[in-house]
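Engineer: So that we are looking at the same thing, I have put the structure below in structure tokens.
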Amino acid sequence: MVGPSLPRSQALDELVITVVVDNATDTLSTVAPGLPQHPELIGHLGRVEPTTSADGHECHEVFGHLCVACHGFSVVATGRVGEETHTVLFDAGPYDHVWLENAERLGVDLAAIEVVFLSHWHWDHSGALPAAVDAVAAARASAGLSPPVVDLHPDRPDQRGTKTGSGAMVLLPPEPSFEAFRSAGAEVVTHSDPHTVAGGFFLGSGSIERRTRYEAGLIGHHSFRDGVATPDPLIMDERFLAAEVQGRGVTVLSACSHAGIVNACLAAREHYPDAPVDLVLGGFHLAGASVEPRIGETVADLAEQIDPAVLAPGHCTGWRAQAALAARFAPDRLAPSVVGSTYRLTAG
Ligand SMILES: [Fe+2]
């Protein structure tokens, strides 16, 4: 007997992803020819008017426009089929001013953002979300467009933290309330199951199934509800966002990968069983003493089971995992996620 088919987003002609917040800034490094990553400086060259000329060359003062990096993650993704486009904001990072200023420097069209999708309830992804939603809602209202939809997992904790070896709890600031988004003028929807997003151009996952033995959550992680902290190592409210580009495959945006980046990719592939995995971008959460032992198996399974065209690790991946991923995937399949960079995936 065949079960109900899993939702799948429409195949796109093009997918453009801009990293608005990430831990790292690195606009000088090159990537291998043919990789679909464009550095921040190149984008600014097209946006910053020349201030002078020298020897017949226009001079653009781009270094005064570089984005700010900080611990967190946010991307804007635009899908296109023919002339039709749909844009999603995936997380907003922690600080209002960082998101707002980076978005301005990158020329993000706020009015184009139809859906704001939160990966999971952690402040380094949700802290700036009310301010971002406020700005998007205002831009859309000025353009005569409908309010943005804010897509959240319903199981919202009040606050989260991780118990350290000394017994102290390292806390993240409190999570924004549903009301914070409604009062910004947004329409709030909650989803714990997979569903298509933004005109069917994207797929939002439900809770991510845990299949690998070693991707066992975040040891010591706790969630606070009504003043009570309970162990919550699995963070089952985490969701990824996926999109398929015709002839290339499925892109997986996984903000923190507490479920494990291999588990996230395996789950995404169930929705697109005949498509190869194209770009895998986000935080792989392999930094920290409790998760660093997983680096070897993660890298091996990414290579042998997932076989992505391009890996773009960023945010909470950590230097040990970045080095191990580079040893296995660079130069031809590695283009790390750094603030301000753009990935343009065009149908093959
Ligand atoms: Fe994170």
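Labels used: A, B, ... for chains in the order of the structure tokens, numbers from 1 for residues in each chain, and numbers from 1 for ligands as shown.
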Can you work out which residues are within 12 Å of ligand 1, considering only C-alpha atoms and all ligand atoms, and then hand them over as JSON, numbers by chain?
Structural biologist: {"A": [21, 22, 23, 70, 71, 72, 73, 74, 91, 92, 93, 94, 118, 119, 120, 121, 122, 123, 124, 125, 126, 127, 160, 161, 172, 218, 235, 238, 254, 255, 256, 257, 258, 259, 282, 283, 284, 285, 286, 287, 314, 315, 316, 317, 318]}
Engineer: Got a sec: who's within 7 Å of A:Gly200, counting only C-alpha atoms, leaving out chain neighbours fewer than 4 positions off, as a list in words?
Structural biologist: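 Using only C-alpha atoms, the neighbours found are Ser9, Gln10 and Thr196 of chain A.
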Engineer: Emit the selected residues as a short mmCIF file (atom, residue, chain, number, x, y, z; two decimals), in the first residue's frame, including N, CA and C atoms.
Structural biologist:
data_model
loop_
_atom_site.label_atom_id
_atom_site.label_comp_id
_atom_site.auth_asym_id
_atom_site.auth_seq_id
_atom_site.Cartn_x
_atom_site.Cartn_y
_atom_site.Cartn_z
N SER A 9 8.18 20.98 -3.22
CA SER A 9 8.05 22.31 -3.83
C SER A 9 8.21 22.20 -5.34
N GLN A 10 7.71 23.23 -6.01
CA GLN A 10 7.78 23.30 -7.47
C GLN A 10 9.23 23.48 -7.92
N THR A 196 4.42 23.18 1.94
CA THR A 196 5.04 24.11 0.99
C THR A 196 4.83 25.54 1.47
#
Engineer: Tell me, as a PDB file with N, CA and C atoms, in the first residue's frame, which residues lie within 8 Å of stretch 296-305 of chain A, counting only C-alpha atoms; anything in the same chain fewer than 3 positions away does not count.
Structural biologist:
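Once written, result30.pdb looks like this:
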ATOM      1  N   TYR A 214      24.972   8.886  15.621  1.00  0.00           N
ATOM      2  CA  TYR A 214      25.851   9.854  16.284  1.00  0.00           C
ATOM      3  C   TYR A 214      25.265  11.264  16.363  1.00  0.00           C
ATOM      4  N   ILE A 261      23.205  17.472  10.369  1.00  0.00           N
ATOM      5  CA  ILE A 261      23.086  17.871   8.967  1.00  0.00           C
ATOM      6  C   ILE A 261      22.827  16.661   8.071  1.00  0.00           C
ATOM      7  N   VAL A 262      23.342  15.496   8.459  1.00  0.00           N
ATOM      8  CA  VAL A 262      23.062  14.287   7.666  1.00  0.00           C
ATOM      9  C   VAL A 262      21.579  13.935   7.777  1.00  0.00           C
ATOM     10  N   PRO A 293      33.250  15.295  18.586  1.00  0.00           N
ATOM     11  CA  PRO A 293      33.549  13.895  18.227  1.00  0.00           C
ATOM     12  C   PRO A 293      32.739  13.372  17.031  1.00  0.00           C
ATOM     13  N   PRO A 308      26.551  15.928  -1.835  1.00  0.00           N
ATOM     14  CA  PRO A 308      26.039  17.214  -2.333  1.00  0.00           C
ATOM     15  C   PRO A 308      26.934  17.790  -3.428  1.00  0.00           C
ATOM     16  N   ALA A 324      37.858  19.965   8.518  1.00  0.00           N
ATOM     17  CA  ALA A 324      37.624  18.595   8.055  1.00  0.00           C
ATOM     18  C   ALA A 324      36.805  18.574   6.770  1.00  0.00           C
ATOM     19  N   LEU A 325      35.818  19.468   6.677  1.00  0.00           N
ATOM     20  CA  LEU A 325      35.007  19.550   5.458  1.00  0.00           C
ATOM     21  C   LEU A 325      35.853  20.033   4.283  1.00  0.00           C
ATOM     22  N   ARG A 328      37.926  17.317   2.831  1.00  0.00           N
ATOM     23  CA  ARG A 328      37.178  16.331   2.032  1.00  0.00           C
ATOM     24  C   ARG A 328      36.538  16.943   0.776  1.00  0.00           C
TER      25      ARG A 328
END
Engineer: Could you please write out, as a PyMOL selection string, every residue of stretch 271-321 of chain A that DSSP assigns to strand (DSSP E)?
Structural biologist: chain A and resi 277-283+310-314
Engineer: Keeping only N, CA and C atoms, write those residues as a PDB file, in the first residue's frame.
Structural biologist:
ATOM      1  N   VAL A 277      21.206  15.946  -4.225  1.00  0.00           N
ATOM      2  CA  VAL A 277      21.318  17.079  -3.293  1.00  0.00           C
ATOM      3  C   VAL A 277      22.272  18.096  -3.907  1.00  0.00           C
ATOM      4  N   ASP A 278      21.811  19.320  -4.025  1.00  0.00           N
ATOM      5  CA  ASP A 278      22.591  20.378  -4.689  1.00  0.00           C
ATOM      6  C   ASP A 278      23.406  21.138  -3.637  1.00  0.00           C
ATOM      7  N   LEU A 279      22.888  22.257  -3.138  1.00  0.00           N
ATOM      8  CA  LEU A 279      23.589  23.081  -2.152  1.00  0.00           C
ATOM      9  C   LEU A 279      23.079  22.745  -0.745  1.00  0.00           C
ATOM     10  N   VAL A 280      23.994  22.585   0.189  1.00  0.00           N
ATOM     11  CA  VAL A 280      23.629  22.411   1.601  1.00  0.00           C
ATOM     12  C   VAL A 280      24.261  23.569   2.353  1.00  0.00           C
ATOM     13  N   LEU A 281      23.430  24.488   2.839  1.00  0.00           N
ATOM     14  CA  LEU A 281      23.936  25.741   3.401  1.00  0.00           C
ATOM     15  C   LEU A 281      23.388  25.961   4.806  1.00  0.00           C
ATOM     16  N   GLY A 282      24.273  26.365   5.715  1.00  0.00           N
ATOM     17  CA  GLY A 282      23.826  26.741   7.045  1.00  0.00           C
ATOM     18  C   GLY A 282      24.822  26.351   8.114  1.00  0.00           C
ATOM     19  N   GLY A 283      24.347  26.319   9.344  1.00  0.00           N
ATOM     20  CA  GLY A 283      25.183  25.904  10.470  1.00  0.00           C
ATOM     21  C   GLY A 283      25.069  24.404  10.669  1.00  0.00           C
ATOM     22  N   VAL A 310      27.408  21.114  -3.672  1.00  0.00           N
ATOM     23  CA  VAL A 310      28.113  22.225  -3.018  1.00  0.00           C
ATOM     24  C   VAL A 310      27.781  22.217  -1.528  1.00  0.00           C
ATOM     25  N   LEU A 311      28.797  22.316  -0.710  1.00  0.00           N
ATOM     26  CA  LEU A 311      28.584  22.478   0.723  1.00  0.00           C
ATOM     27  C   LEU A 311      28.919  23.915   1.110  1.00  0.00           C
ATOM     28  N   ALA A 312      28.034  24.525   1.902  1.00  0.00           N
ATOM     29  CA  ALA A 312      28.268  25.896   2.376  1.00  0.00           C
ATOM     30  C   ALA A 312      28.088  25.930   3.887  1.00  0.00           C
ATOM     31  N   PRO A 313      29.048  25.370   4.615  1.00  0.00           N
ATOM     32  CA  PRO A 313      28.934  25.384   6.077  1.00  0.00           C
ATOM     33  C   PRO A 313      29.228  26.767   6.638  1.00  0.00           C
ATOM     34  N   GLY A 314      28.466  27.158   7.653  1.00  0.00           N
ATOM     35  CA  GLY A 314      28.679  28.466   8.280  1.00  0.00           C
ATOM     36  C   GLY A 314      28.242  28.426   9.727  1.00  0.00           C
TER      37      GLY A 314
END
Engineer: Show me, as a ChimeraX atom specification, the residues that have an atom within 6 Å of A:Gln159 when counting only C-alpha atoms, minus same-chain residues fewer than 4 positions from it.
Structural biologist: /A:174-175,224
Engineer: Determine, counting only C-alpha atoms, which protein, DNA and RNA residues have an atom within 9 Å of an atom of stretch 263-272 of chain A; residues of the same chain fewer than 2 positions away are not included. Present the result as a PyMOL selection string.
Structural biologist: chain A and resi 5-9+203+205+208-212+215+239-242+244+249-252+254+257+259-261+274-277+280+302+305-306
Engineer: Please determine, counting only C-alpha atoms, which residue among A:Val31, A:Val88, A:Val245, A:Ala216 has the shortest atom-to-atom distance to A:Pro233.
Structural biologist: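 Among the listed residues, A:Ala216 lies closest to A:Pro233.
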Engineer: Write out as a PDB file with C-alpha atoms, in the first residue's frame the residues lying within 8 Å of A:Pro331, counting only C-alpha atoms and excluding same-chain residues fewer than 3 positions away.
Structural biologist:
ATOM      1  CA  VAL A  31      36.142  29.558  -4.423  1.00  0.00           C
ATOM      2  CA  ALA A  32      36.703  27.161  -7.299  1.00  0.00           C
ATOM      3  CA  ALA A 326      37.606  21.499   3.498  1.00  0.00           C
ATOM      4  CA  LEU A 334      33.078  23.846  -0.853  1.00  0.00           C
TER       5      LEU A 334
END
